[in-house]
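File shown here: my_file30.pdb, holding PDB, C-alpha atoms.
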ATOM      1  CA  MET A   1       2.199   0.993 -52.165
ATOM      2  CA  LEU A   2       2.082   3.354 -55.122
ATOM      3  CA  LEU A   3      -1.673   2.843 -55.388
ATOM      4  CA  ALA A   4      -2.107   3.593 -51.687
ATOM      5  CA  ALA A   5      -0.028   6.757 -52.081
ATOM      6  CA  TRP A   6      -2.168   7.876 -55.021
ATOM      7  CA  TYR A   7      -5.399   6.928 -53.312
ATOM      8  CA  TYR A   8      -4.642   9.005 -50.218
ATOM      9  CA  GLY A   9      -3.151  11.958 -52.107
ATOM     10  CA  ALA A  10       0.469  11.445 -51.032
ATOM     11  CA  LEU A  11       1.736  10.991 -54.607
ATOM     12  CA  ASP A  12       1.043  12.512 -57.998
ATOM     13  CA  ALA A  13       2.611  12.383 -61.463
ATOM     14  CA  ARG A  14       4.857  15.325 -60.677
ATOM     15  CA  ALA A  15       6.400  13.464 -57.732
ATOM     16  CA  GLY A  16       6.380  10.051 -59.429
ATOM     17  CA  ARG A  17       8.579  10.901 -62.394
ATOM     18  CA  PRO A  18      11.568  12.244 -60.368
ATOM     19  CA  PHE A  19      11.424   9.104 -58.228
ATOM     20  CA  PHE A  20      12.080   6.891 -61.236
ATOM     21  CA  ALA A  21      14.513   9.344 -62.769
ATOM     22  CA  CYS A  22      16.718   9.024 -59.663
ATOM     23  CA  SER A  23      16.436   5.228 -59.550
ATOM     24  CA  ASP A  24      18.994   2.818 -60.958
ATOM     25  CA  ASN A  25      18.118   0.574 -63.895
ATOM     26  CA  LEU A  26      15.114  -1.283 -62.489
ATOM     27  CA  GLN A  27      15.451  -4.024 -65.110
ATOM     28  CA  LEU A  28      18.495  -5.242 -63.194
ATOM     29  CA  VAL A  29      16.274  -6.285 -60.296
ATOM     30  CA  THR A  30      12.957  -7.168 -61.958
ATOM     31  CA  THR A  31      11.386  -7.924 -65.328
ATOM     32  CA  ALA A  32      10.732  -5.439 -68.111
ATOM     33  CA  VAL A  33       7.002  -6.076 -67.683
ATOM     34  CA  SER A  34       7.178  -5.136 -63.998
ATOM     35  CA  VAL A  35       9.165  -2.000 -64.808
ATOM     36  CA  SER A  36       6.493  -0.973 -67.306
ATOM     37  CA  TYR A  37       3.737  -1.508 -64.720
ATOM     38  CA  LEU A  38       5.677   0.542 -62.170
ATOM     39  CA  ARG A  39       6.162   3.441 -64.560
ATOM     40  CA  TYR A  40       2.453   3.494 -65.374
ATOM     41  CA  ALA A  41       1.659   3.349 -61.673
ATOM     42  CA  ALA A  42       3.911   6.336 -61.019
ATOM     43  CA  GLN A  43       1.684   8.311 -63.411
ATOM     44  CA  GLY A  44      -1.516   7.154 -61.734
ATOM     45  CA  TYR A  45      -2.501   4.337 -64.120
ATOM     46  CA  PHE A  46      -3.452   1.094 -62.358
ATOM     47  CA  ALA A  47      -5.016  -2.201 -63.432
ATOM     48  CA  SER A  48      -8.745  -2.577 -62.794
ATOM     49  CA  PRO A  49      -8.296  -5.428 -60.253
ATOM     50  CA  LEU A  50      -6.070  -3.158 -58.171
ATOM     51  CA  LEU A  51      -8.644  -0.370 -58.221
ATOM     52  CA  HIS A  52     -11.433  -2.808 -57.332
ATOM     53  CA  PHE A  53      -9.309  -4.103 -54.457
ATOM     54  CA  VAL A  54      -8.831  -0.631 -53.002
ATOM     55  CA  HIS A  55     -12.551   0.159 -53.251
ATOM     56  CA  ALA A  56     -13.411  -3.236 -51.720
ATOM     57  CA  LEU A  57     -11.393  -2.461 -48.592
ATOM     58  CA  SER A  58     -14.248  -0.194 -47.518
ATOM     59  CA  CYS A  59     -16.780  -3.006 -47.995
ATOM     60  CA  PRO A  60     -16.014  -6.297 -46.169
ATOM     61  CA  LYS A  61     -18.492  -8.272 -48.305
ATOM     62  CA  ARG A  62     -16.396  -7.603 -51.385
ATOM     63  CA  THR A  63     -12.883  -7.994 -49.986
ATOM     64  CA  ALA A  64     -12.522 -11.750 -50.547
ATOM     65  CA  VAL A  65     -13.717 -11.573 -54.153
ATOM     66  CA  ALA A  66     -11.498  -8.565 -54.841
ATOM     67  CA  ILE A  67      -8.475 -10.480 -53.527
ATOM     68  CA  ASP A  68      -9.315 -13.421 -55.808
ATOM     69  CA  SER A  69      -9.581 -11.012 -58.733
ATOM     70  CA  LEU A  70      -6.193  -9.536 -57.886
ATOM     71  CA  LEU A  71      -4.512 -12.940 -57.563
ATOM     72  CA  ALA A  72      -6.080 -14.080 -60.846
ATOM     73  CA  LEU A  73      -3.749 -11.726 -62.688
ATOM     74  CA  GLY A  74      -0.985 -14.234 -62.148
ATOM     75  CA  HIS A  75      -2.803 -16.977 -64.044
ATOM     76  CA  LEU A  76      -2.397 -15.357 -67.444
ATOM     77  CA  LYS A  77       1.263 -16.084 -68.176
ATOM     78  CA  SER A  78       1.063 -16.710 -71.908
ATOM     79  CA  VAL A  79       2.536 -13.913 -73.988
ATOM     80  CA  ARG A  80       1.069 -15.643 -77.034
ATOM     81  CA  LEU A  81      -2.423 -15.408 -75.581
ATOM     82  CA  THR A  82      -1.862 -11.786 -74.632
ATOM     83  CA  SER A  83      -0.654 -11.053 -78.173
ATOM     84  CA  PHE A  84      -3.646 -12.855 -79.670
ATOM     85  CA  THR A  85      -6.036 -10.948 -77.397
ATOM     86  CA  VAL A  86      -4.582  -7.558 -78.347
ATOM     87  CA  VAL A  87      -4.604  -8.468 -82.049
ATOM     88  CA  MET A  88      -8.264  -9.522 -81.902
ATOM     89  CA  MET A  89      -9.185  -6.397 -79.926
ATOM     90  CA  THR A  90      -7.467  -4.256 -82.569
ATOM     91  CA  ILE A  91      -9.226  -6.029 -85.431
ATOM     92  CA  ALA A  92     -12.530  -5.705 -83.574
ATOM     93  CA  ALA A  93     -11.930  -1.975 -83.088
ATOM     94  CA  ASN A  94     -11.129  -1.456 -86.761
ATOM     95  CA  LEU A  95     -14.035  -3.525 -88.072
ATOM     96  CA  GLY A  96     -16.614  -2.717 -85.403
ATOM     97  CA  SER A  97     -16.100   0.995 -85.964
ATOM     98  CA  MET A  98     -17.141   0.759 -89.609
ATOM     99  CA  ALA A  99     -20.796   0.196 -88.711
ATOM    100  CA  THR A 100     -21.698   3.874 -88.179
ATOM    101  CA  PRO A 101     -20.588   7.287 -89.464
ATOM    102  CA  VAL A 102     -19.195   8.211 -86.046
ATOM    103  CA  GLY A 103     -17.330   4.943 -85.588
ATOM    104  CA  ASN A 104     -14.042   6.179 -87.042
ATOM    105  CA  PRO A 105     -12.534   9.307 -88.630
ATOM    106  CA  GLN A 106     -12.640   8.129 -92.246
ATOM    107  CA  ASN A 107     -16.330   7.283 -91.960
ATOM    108  CA  LEU A 108     -17.077  10.685 -90.497
ATOM    109  CA  TYR A 109     -15.201  12.434 -93.315
ATOM    110  CA  LEU A 110     -16.606  10.333 -96.174
ATOM    111  CA  TYR A 111     -20.140  10.411 -94.770
ATOM    112  CA  SER A 112     -19.990  14.201 -94.645
ATOM    113  CA  ALA A 113     -18.322  14.572 -98.041
ATOM    114  CA  ALA A 114     -20.820  12.237 -99.742
ATOM    115  CA  ARG A 115     -23.832  13.886 -98.081
ATOM    116  CA  MET A 116     -25.142  10.343 -97.678
ATOM    117  CA  PRO A 117     -28.345   9.749 -95.666
ATOM    118  CA  LEU A 118     -27.760   7.976 -92.357
ATOM    119  CA  GLY A 119     -29.998   5.027 -93.224
ATOM    120  CA  GLU A 120     -28.184   4.409 -96.497
ATOM    121  CA  PHE A 121     -24.821   4.389 -94.728
ATOM    122  CA  LEU A 122     -25.983   1.925 -92.066
ATOM    123  CA  ILE A 123     -27.435  -0.450 -94.674
ATOM    124  CA  LEU A 124     -24.259  -0.210 -96.773
ATOM    125  CA  MET A 125     -21.974  -1.292 -93.923
ATOM    126  CA  LEU A 126     -24.281  -3.790 -92.190
ATOM    127  CA  PRO A 127     -23.264  -6.883 -94.242
ATOM    128  CA  PHE A 128     -19.562  -6.215 -93.670
ATOM    129  CA  THR A 129     -20.083  -5.608 -89.962
ATOM    130  CA  LEU A 130     -21.944  -8.897 -89.581
ATOM    131  CA  ALA A 131     -19.341 -10.777 -91.635
ATOM    132  CA  ALA A 132     -16.574  -9.314 -89.468
ATOM    133  CA  LEU A 133     -18.444 -10.364 -86.325
ATOM    134  CA  VAL A 134     -18.720 -13.959 -87.571
ATOM    135  CA  LEU A 135     -14.999 -14.048 -88.398
ATOM    136  CA  LEU A 136     -14.040 -12.630 -84.997
ATOM    137  CA  VAL A 137     -16.190 -15.051 -83.045
ATOM    138  CA  GLY A 138     -14.861 -17.975 -85.066
ATOM    139  CA  ALA A 139     -11.217 -16.946 -84.602
ATOM    140  CA  ILE A 140     -11.607 -16.419 -80.866
ATOM    141  CA  VAL A 141     -13.485 -19.691 -80.275
ATOM    142  CA  LEU A 142     -11.002 -21.756 -82.321
ATOM    143  CA  PHE A 143      -7.694 -20.095 -81.397
ATOM    144  CA  GLY A 144      -8.292 -18.024 -78.282
ATOM    145  CA  ARG A 145      -7.586 -20.572 -75.546
ATOM    146  CA  THR A 146      -4.296 -21.897 -74.168
ATOM    147  CA  PRO A 147      -3.627 -24.389 -71.350
ATOM    148  CA  ASP A 148      -2.279 -21.718 -69.007
ATOM    149  CA  ALA A 149      -5.306 -19.424 -69.320
ATOM    150  CA  LEU A 150      -7.611 -19.018 -66.349
ATOM    151  CA  PRO A 151     -10.862 -20.987 -66.933
ATOM    152  CA  LEU A 152     -13.888 -18.781 -67.391
ATOM    153  CA  SER A 153     -15.716 -20.599 -64.603
ATOM    154  CA  SER A 154     -13.022 -19.657 -62.095
ATOM    155  CA  ALA A 155     -12.771 -15.998 -63.033
ATOM    156  CA  PRO A 156     -13.891 -13.975 -60.004
ATOM    157  CA  VAL A 157     -16.773 -11.549 -60.357
ATOM    158  CA  LEU A 158     -17.145  -8.570 -58.079
ATOM    159  CA  ALA A 159     -20.375  -8.346 -56.165
ATOM    160  CA  ASP A 160     -22.720  -5.411 -56.523
ATOM    161  CA  ASP A 161     -23.815  -5.228 -52.911
ATOM    162  CA  CYS A 162     -21.653  -2.184 -52.186
ATOM    163  CA  GLU A 163     -21.641   1.046 -54.121
ATOM    164  CA  ASP A 164     -18.409   1.934 -55.892
ATOM    165  CA  ALA A 165     -16.928   5.373 -55.476
ATOM    166  CA  GLY A 166     -16.896   5.720 -59.270
ATOM    167  CA  VAL A 167     -16.566   8.989 -61.146
ATOM    168  CA  PRO A 168     -18.608  11.886 -59.748
ATOM    169  CA  LEU A 169     -21.677  12.704 -61.828
ATOM    170  CA  ALA A 170     -20.619  16.333 -62.016
ATOM    171  CA  ARG A 171     -17.548  15.266 -64.032
ATOM    172  CA  THR A 172     -19.440  13.051 -66.462
ATOM    173  CA  VAL A 173     -22.374  15.330 -67.310
ATOM    174  CA  PRO A 174     -20.295  17.847 -69.365
ATOM    175  CA  TRP A 175     -18.886  14.997 -71.451
ATOM    176  CA  ILE A 176     -22.320  13.487 -72.004
ATOM    177  CA  VAL A 177     -23.570  16.869 -73.208
ATOM    178  CA  LEU A 178     -20.511  17.195 -75.447
ATOM    179  CA  PHE A 179     -21.166  13.756 -76.934
ATOM    180  CA  ALA A 180     -24.744  14.809 -77.681
ATOM    181  CA  LEU A 181     -23.427  17.934 -79.420
ATOM    182  CA  ALA A 182     -21.064  15.781 -81.495
ATOM    183  CA  LEU A 183     -23.937  13.561 -82.610
ATOM    184  CA  ALA A 184     -25.945  16.660 -83.496
ATOM    185  CA  SER A 185     -23.067  17.875 -85.667
ATOM    186  CA  VAL A 186     -22.835  14.514 -87.420
ATOM    187  CA  ALA A 187     -26.591  14.654 -88.050
ATOM    188  CA  ARG A 188     -26.003  18.109 -89.592
ATOM    189  CA  VAL A 189     -28.224  19.772 -87.003
ATOM    190  CA  LEU A 190     -25.445  21.769 -85.348
ATOM    191  CA  PRO A 191     -22.420  23.437 -87.025
ATOM    192  CA  TRP A 192     -19.223  21.497 -86.320
ATOM    193  CA  GLN A 193     -17.456  24.702 -85.261
ATOM    194  CA  VAL A 194     -19.744  24.908 -82.225
ATOM    195  CA  THR A 195     -18.885  21.357 -81.187
ATOM    196  CA  VAL A 196     -15.140  21.927 -81.579
ATOM    197  CA  ALA A 197     -15.289  25.068 -79.456
ATOM    198  CA  ALA A 198     -17.360  23.240 -76.826
ATOM    199  CA  ALA A 199     -14.893  20.320 -76.762
ATOM    200  CA  VAL A 200     -11.939  22.613 -76.150
ATOM    201  CA  ALA A 201     -13.831  24.499 -73.435
ATOM    202  CA  VAL A 202     -14.965  21.316 -71.649
ATOM    203  CA  GLY A 203     -11.441  19.867 -71.734
ATOM    204  CA  ILE A 204      -9.892  23.006 -70.270
ATOM    205  CA  VAL A 205     -12.525  23.626 -67.611
ATOM    206  CA  PHE A 206     -13.440  20.101 -66.464
ATOM    207  CA  ASP A 207     -10.476  17.833 -67.206
ATOM    208  CA  ARG A 208      -7.374  19.876 -67.860
ATOM    209  CA  ALA A 209      -5.137  17.101 -66.504
ATOM    210  CA  ALA A 210      -6.242  14.765 -69.302
ATOM    211  CA  LEU A 211      -4.664  17.083 -71.870
ATOM    212  CA  ARG A 212      -1.244  16.220 -70.412
ATOM    213  CA  HIS A 213      -1.747  12.532 -71.173
ATOM    214  CA  VAL A 214      -2.594  12.934 -74.868
ATOM    215  CA  ASP A 215      -0.165  11.057 -77.136
ATOM    216  CA  TYR A 216       0.927  14.142 -79.060
ATOM    217  CA  ALA A 217       3.712  12.209 -80.823
ATOM    218  CA  LEU A 218       1.141   9.886 -82.391
ATOM    219  CA  LEU A 219      -1.007  12.836 -83.415
ATOM    220  CA  ALA A 220       2.050  14.493 -84.952
ATOM    221  CA  THR A 221       2.712  11.299 -86.927
ATOM    222  CA  PHE A 222      -0.734  11.479 -88.501
ATOM    223  CA  VAL A 223      -0.411  15.202 -89.154
ATOM    224  CA  ALA A 224       2.753  14.334 -91.082
ATOM    225  CA  PHE A 225       0.739  11.753 -93.044
ATOM    226  CA  PHE A 226      -1.834  14.414 -93.966
ATOM    227  CA  VAL A 227       0.887  16.853 -95.046
ATOM    228  CA  PHE A 228       2.529  14.126 -97.124
ATOM    229  CA  VAL A 229      -0.771  13.209 -98.774
ATOM    230  CA  GLY A 230      -1.548  16.844 -99.531
ATOM    231  CA  ASN A 231       1.856  17.383-101.121
ATOM    232  CA  MET A 232       1.552  14.229-103.229
ATOM    233  CA  GLY A 233      -1.758  15.421-104.625
ATOM    234  CA  ARG A 234      -0.044  18.605-105.861
ATOM    235  CA  ILE A 235       2.571  16.742-107.917
ATOM    236  CA  GLU A 236       1.252  16.644-111.471
ATOM    237  CA  ALA A 237       2.620  13.207-112.386
ATOM    238  CA  ILE A 238       1.299  11.578-109.215
ATOM    239  CA  ASP A 239      -2.016  13.360-109.591
ATOM    240  CA  ALA A 240      -2.427  11.974-113.105
ATOM    241  CA  PHE A 241      -1.397   8.478-112.011
ATOM    242  CA  ILE A 242      -3.884   8.409-109.112
ATOM    243  CA  ALA A 243      -6.685   9.742-111.317
ATOM    244  CA  GLN A 244      -6.074   6.985-113.865
ATOM    245  CA  ALA A 245      -5.730   4.226-111.247
ATOM    246  CA  VAL A 246      -8.733   5.137-109.113
ATOM    247  CA  VAL A 247     -11.535   5.364-111.668
ATOM    248  CA  GLY A 248     -13.367   2.040-111.751
ATOM    249  CA  ASN A 249     -11.085   0.524-109.087
ATOM    250  CA  GLU A 250     -12.047   2.607-106.054
ATOM    251  CA  LEU A 251     -12.475  -0.300-103.642
ATOM    252  CA  VAL A 252      -9.183  -2.068-104.365
ATOM    253  CA  VAL A 253      -7.170   1.152-104.686
ATOM    254  CA  SER A 254      -8.465   2.462-101.365
ATOM    255  CA  VAL A 255      -7.494  -0.807 -99.652
ATOM    256  CA  VAL A 256      -3.990  -0.704-101.155
ATOM    257  CA  ALA A 257      -3.507   3.002-100.428
ATOM    258  CA  SER A 258      -4.515   2.473 -96.803
ATOM    259  CA  GLN A 259      -1.661  -0.004 -96.337
ATOM    260  CA  VAL A 260       0.985   2.657 -96.926
ATOM    261  CA  LEU A 261      -0.789   5.921 -96.097
ATOM    262  CA  SER A 262      -3.196   4.755 -93.340
ATOM    263  CA  ASN A 263      -6.909   4.686 -94.080
ATOM    264  CA  VAL A 264      -7.805   8.205 -92.931
ATOM    265  CA  PRO A 265      -5.250  10.030 -95.144
ATOM    266  CA  ALA A 266      -6.100   7.599 -97.958
ATOM    267  CA  ALA A 267      -9.787   8.500 -97.693
ATOM    268  CA  ILE A 268      -8.979  12.211 -97.881
ATOM    269  CA  LEU A 269      -6.602  11.768-100.826
ATOM    270  CA  LEU A 270      -8.785   9.494-102.944
ATOM    271  CA  SER A 271     -11.990  11.432-102.332
ATOM    272  CA  GLY A 272     -10.624  14.142-104.603
ATOM    273  CA  PHE A 273     -10.483  11.763-107.573
ATOM    274  CA  THR A 274     -13.826   9.968-107.517
ATOM    275  CA  ASP A 275     -17.440  10.253-106.497
ATOM    276  CA  ALA A 276     -17.888   6.483-106.021
ATOM    277  CA  TRP A 277     -18.528   7.017-102.329
ATOM    278  CA  ARG A 278     -19.879   3.558-101.542
ATOM    279  CA  GLU A 279     -16.761   1.785-102.828
ATOM    280  CA  LEU A 280     -14.517   4.333-101.148
ATOM    281  CA  ILE A 281     -16.238   3.897 -97.778
ATOM    282  CA  ILE A 282     -16.024   0.101 -97.954
ATOM    283  CA  GLY A 283     -12.423   0.121 -99.173
ATOM    284  CA  CYS A 284     -11.086   2.544 -96.578
ATOM    285  CA  ASN A 285     -12.770   0.589 -93.789
ATOM    286  CA  LEU A 286     -11.444  -2.778 -94.951
ATOM    287  CA  GLY A 287      -8.107  -1.090 -95.610
ATOM    288  CA  GLY A 288      -7.692  -0.544 -91.872
ATOM    289  CA  LEU A 289      -6.674  -4.216 -91.822
ATOM    290  CA  GLY A 290      -3.294  -5.337 -93.123
ATOM    291  CA  THR A 291      -0.166  -3.414 -92.175
ATOM    292  CA  LEU A 292       0.549  -1.837 -88.821
ATOM    293  CA  ILE A 293       0.178   1.692 -90.192
ATOM    294  CA  ALA A 294      -3.122   0.965 -91.946
ATOM    295  CA  SER A 295      -5.057   2.417 -89.002
ATOM    296  CA  MET A 296      -4.407   4.512 -85.924
ATOM    297  CA  ALA A 297      -5.954   1.834 -83.687
ATOM    298  CA  SER A 298      -3.278  -0.638 -84.807
ATOM    299  CA  LEU A 299      -0.472   1.766 -83.953
ATOM    300  CA  ILE A 300      -1.966   2.558 -80.549
ATOM    301  CA  SER A 301      -2.403  -1.098 -79.554
ATOM    302  CA  TYR A 302       1.101  -1.987 -80.783
ATOM    303  CA  LYS A 303       2.631   0.828 -78.781
ATOM    304  CA  GLN A 304       0.834  -0.264 -75.605
ATOM    305  CA  PHE A 305       1.775  -3.914 -76.132
ATOM    306  CA  ALA A 306       5.422  -3.005 -76.757
ATOM    307  CA  LEU A 307       5.565  -1.069 -73.488
ATOM    308  CA  VAL A 308       4.501  -4.121 -71.503
ATOM    309  CA  HIS A 309       6.195  -6.844 -73.575
ATOM    310  CA  PRO A 310       9.180  -5.175 -75.298
ATOM    311  CA  ARG A 311      10.862  -8.506 -76.063
ATOM    312  CA  ALA A 312       7.809  -9.890 -77.833
ATOM    313  CA  LYS A 313       7.402  -7.080 -80.372
ATOM    314  CA  GLY A 314       8.655  -9.203 -83.258
ATOM    315  CA  SER A 315       6.373 -12.151 -82.583
ATOM    316  CA  TYR A 316       3.464  -9.754 -82.050
ATOM    317  CA  LEU A 317       4.035  -8.152 -85.466
ATOM    318  CA  VAL A 318       4.095 -11.580 -87.132
ATOM    319  CA  LEU A 319       0.861 -12.604 -85.408
ATOM    320  CA  PHE A 320      -0.739  -9.214 -86.074
ATOM    321  CA  THR A 321       0.138  -9.245 -89.777
ATOM    322  CA  GLY A 322      -0.976 -12.840 -90.279
ATOM    323  CA  TRP A 323      -4.418 -12.352 -88.748
ATOM    324  CA  ASN A 324      -4.949  -8.967 -90.397
ATOM    325  CA  VAL A 325      -4.074 -10.281 -93.843
ATOM    326  CA  ALA A 326      -6.382 -13.264 -93.308
ATOM    327  CA  PHE A 327      -9.322 -11.068 -92.273
ATOM    328  CA  LEU A 328      -8.627  -8.609 -95.087
ATOM    329  CA  ALA A 329      -8.481 -11.347 -97.719
ATOM    330  CA  VAL A 330     -11.809 -12.868 -96.668
ATOM    331  CA  LEU A 331     -13.627  -9.544 -96.400
ATOM    332  CA  LEU A 332     -12.169  -8.217 -99.646
ATOM    333  CA  VAL A 333     -13.378 -11.285-101.527
ATOM    334  CA  PHE A 334     -16.759 -10.832 -99.840
ATOM    335  CA  ALA A 335     -16.866  -7.213-101.056
ATOM    336  CA  LEU A 336     -15.867  -8.057-104.620
ATOM    337  CA  VAL A 337     -18.276 -10.916-105.265
TER     338      VAL A 337
END

Mind converting the file's structure to structure tokens?
Amino acid sequence: MLLAAWYYGALDARAGRPFFACSDNLQLVTTAVSVSYLRYAAQGYFASPLLHFVHALSCPKRTAVAIDSLLALGHLKSVRLTSFTVVMMTIAANLGSMATPVGNPQNLYLYSAARMPLGEFLILMLPFTLAALVLLVGAIVLFGRTPDALPLSSAPVLADDCEDAGVPLARTVPWIVLFALALASVARVLPWQVTVAAAVAVGIVFDRAALRHVDYALLATFVAFFVFVGNMGRIEAIDAFIAQAVVGNELVVSVVASQVLSNVPAAILLSGFTDAWRELIIGCNLGGLGTLIASMASLISYKQFALVHPRAKGSYLVLFTGWNVAFLAVLLVFALV
């Protein structure tokens, strides 16, 4: 019903929040997972099968398959499988992003600071990217299935014989242009100030509503990390200790520092003490594995998982830490030999 209200313009986020604010404790009548879904729905966030179902109503050829896709949601009852899937997705995001300079923030910063040619960077990270891919595929094939999971052969696939409403081209073109500007800045063809100004302008003019959904609390957390790192670097005793520890041990120190500072602040801090850019790039990328705060991607995925499965946060952290430590150990040995 909420989706229908959104689809036909009878409900928006402004009206959805007061509705839940005036409601009694919904967990008394349904599960915490259902409450989480309802709160997302009140803000206009719906699962893909639901959106496909609504679009399919205008195309009879797709209705039956869309219904099967919607009903298939009930087949995935294993919280363990959900936890494993989110953990693997997070590891894949952290390791897959290390392949290019634009894949993650620490790469972008270190690539710029080192003035490293693009080809050299790609060749440097290629072996680790391939090794990570092999580990991910192996882990998923060996541990990624449970008896209550929906078989791949029975997973419904939506037909392409009707055109989806999709996102209007006029809304996507400005972002495509902005992405091209960002790549030009990374390639040192365009000043980064121009791209930043263009990004702010495009956000305000073409998608102002998206600015309301930014996780500003998470951004504030990382700003606090940067402030903390900057202050530490100004303490003479700590400055001397870091300078002594880093030289000759850049790879290991950057991995360890990432576990407590997160890999982006660690990259910024350690870059002031060494010019061993190759080791620093490898270490800060591998350092995104390990603890929950080692990378922003890990914090984001944990927060989303906790919203849907609040009672499984402890087991998720155990599973997350175990797999991250395992991947980190293998890749660190691979980097050191």

In Å, with one decimal, what is the gap from CA of Arg115 (chain A) to CA of Ala93 (chain A)?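 Computing it gives 24.9 Å between the two atoms.
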
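The smallest atom-to-atom distance between Leu95 (chain A) and any of A:Ala184, A:Ile238, A:Leu331, A:Val260, using only C-alpha atoms, is found for A:Leu331.
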
Nearby residues (only C-alpha atoms) at most 8 Å from region 133-141 of chain A, same-chain spacing under 3 positions excluded, as a list in words: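 Everything that qualifies: Met88, Ala92, Gly96, Thr129, Leu130, Gly144, Arg145 and Phe327 of chain A.
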
List the spatial neighbours of Ser298 (chain A) as a PyMOL selection string - criterion: any atom at most 10 Å away, all atoms listed in the file, same-chain residues fewer than 5 positions off excluded. chain A and resi 86-87+89-91+93-94+288-293+303+320

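You will find CA of Ser258 (chain A) at 7.8 Å from CA of Ser295 (chain A).
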
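The smallest atom-to-atom distance between Cys284 (chain A) and any of A:Ser301, A:Thr221, A:Ser112, A:Gln106, using all atoms listed in the file, is found for A:Gln106.
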
Name the residues that the PyMOL selection byres ((chain A and resi 255) around 7) picks from the file above, as a ChimeraX atom specification, using the file's chain letters and numbers. /A:251-254,256-259,283-284,286-287

Give me a file of those residues, with C-alpha atoms, as an mmCIF file, keeping the file's coordinate frame.
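File selection_6.cif, as written:
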data_model
loop_
_atom_site.group_PDB
_atom_site.id
_atom_site.type_symbol
_atom_site.label_atom_id
_atom_site.label_comp_id
_atom_site.auth_asym_id
_atom_site.auth_seq_id
_atom_site.Cartn_x
_atom_site.Cartn_y
_atom_site.Cartn_z
ATOM 1 C CA LEU A 251 -12.475 -0.300 -103.642
ATOM 2 C CA VAL A 252 -9.183 -2.068 -104.365
ATOM 3 C CA VAL A 253 -7.170 1.152 -104.686
ATOM 4 C CA SER A 254 -8.465 2.462 -101.365
ATOM 5 C CA VAL A 256 -3.990 -0.704 -101.155
ATOM 6 C CA ALA A 257 -3.507 3.002 -100.428
ATOM 7 C CA SER A 258 -4.515 2.473 -96.803
ATOM 8 C CA GLN A 259 -1.661 -0.004 -96.337
ATOM 9 C CA GLY A 283 -12.423 0.121 -99.173
ATOM 10 C CA CYS A 284 -11.086 2.544 -96.578
ATOM 11 C CA LEU A 286 -11.444 -2.778 -94.951
ATOM 12 C CA GLY A 287 -8.107 -1.090 -95.610
#

With a distance cut-off of 7 Å and all atoms listed in the file, select the neighbouring residues of Thr100 (chain A), excluding the residue or stretch itself and same-chain residues fewer than 3 positions from it, and output the selection as a list in words.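 Final neighbour list, sorted by chain and number: Ser97, Gly103 and Leu122 of chain A.
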
Go through A:Ala326, A:Leu319, A:Ile282, A:Ala245 one by one, measure the shortest atom-to-atom distance of each to Leu126 (chain A) using all atoms listed in the file, and give the residue with the smallest value.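 Ranked by minimum distance to Leu126 (chain A), first place goes to A:Ile282.
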
Kindly resolve the PyMOL selection byres ((chain A and resi 312-317) around 9) on the present coordinates and return the residues as a VMD selection string. chain A and resid 79 to 80 83 to 84 87 292 302 305 to 306 309 to 311 318 to 322

What is the distance between CA of Gln244 (chain A) and CA of Leu269 (chain A), in Å to one decimal?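 Pair CA of Gln244 (chain A) / CA of Leu269 (chain A) returns 13.9 Å.
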
For the structure shown, which residues end up in the PyMOL selection byres ((chain A and resi 174) around 10)? Put them as a list in words, please? Leu169, Ala170, Arg171, Thr172, Val173, Trp175, Ile176, Val177, Leu178, Phe179, Ala180, Ala198, Ala199, Val202, Gly203, Val205 and Phe206 of chain A

Within 9 Å of region 214-218 of chain A, which residues of region 240-320 of chain A show up? Give each one with its shortest atom-to-atom distance in Å (one decimal) and the two atoms involved, counting only C-alpha atoms, rows by chain then rising residue number, as a Markdown table.
| residue | atom | partner | partner_atom | distance |
| --- | --- | --- | --- | --- |
| A:Met296 | CA | A:Leu218 | CA | 8.5 |
| A:Leu299 | CA | A:Leu218 | CA | 8.4 |
| A:Ile300 | CA | A:Leu218 | CA | 8.2 |

Taking C-alpha atoms for each residue, export the selection above as a JSON list (two decimals), in the frame of the given file.
[["chain", "number", "residue", "atom", "x", "y", "z"],
["A", 296, "MET", "CA", -4.41, 4.51, -85.92],
["A", 299, "LEU", "CA", -0.47, 1.77, -83.95],
["A", 300, "ILE", "CA", -1.97, 2.56, -80.55]]

Given 8 Å on each side, where is the centre and what are the edge lengths in Å to one decimal of the axis-aligned box enclosing the listed atoms of region 127-130 of chain A, as AutoDock Vina command-line options?
--center_x -21.4 --center_y -7.3 --center_z -91.9 --size_x 19.7 --size_y 19.3 --size_z 20.7

Considering all atoms listed in the file, return as a VMD selection string whatever protein or nucleic-acid residues lie within 8 Å of Leu261 (chain A), sequence-local ones (same chain, fewer than 5 positions apart) excluded. chain A and resid 225 229 266 293 to 294

For a quick check of understanding, using all atoms listed in the file, which of A:Leu307, A:Val186, A:Ala132, A:Met232 has the smallest distance to Pro117 (chain A)?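 Ranking A:Leu307, A:Val186, A:Ala132, A:Met232 by distance to Pro117 (chain A), first place goes to A:Val186.
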
Which residue of A:Asn249, A:Ser185, A:Asn231, A:Gln193 approaches Leu108 (chain A) most closely, using all atoms listed in the file: A:Ser185
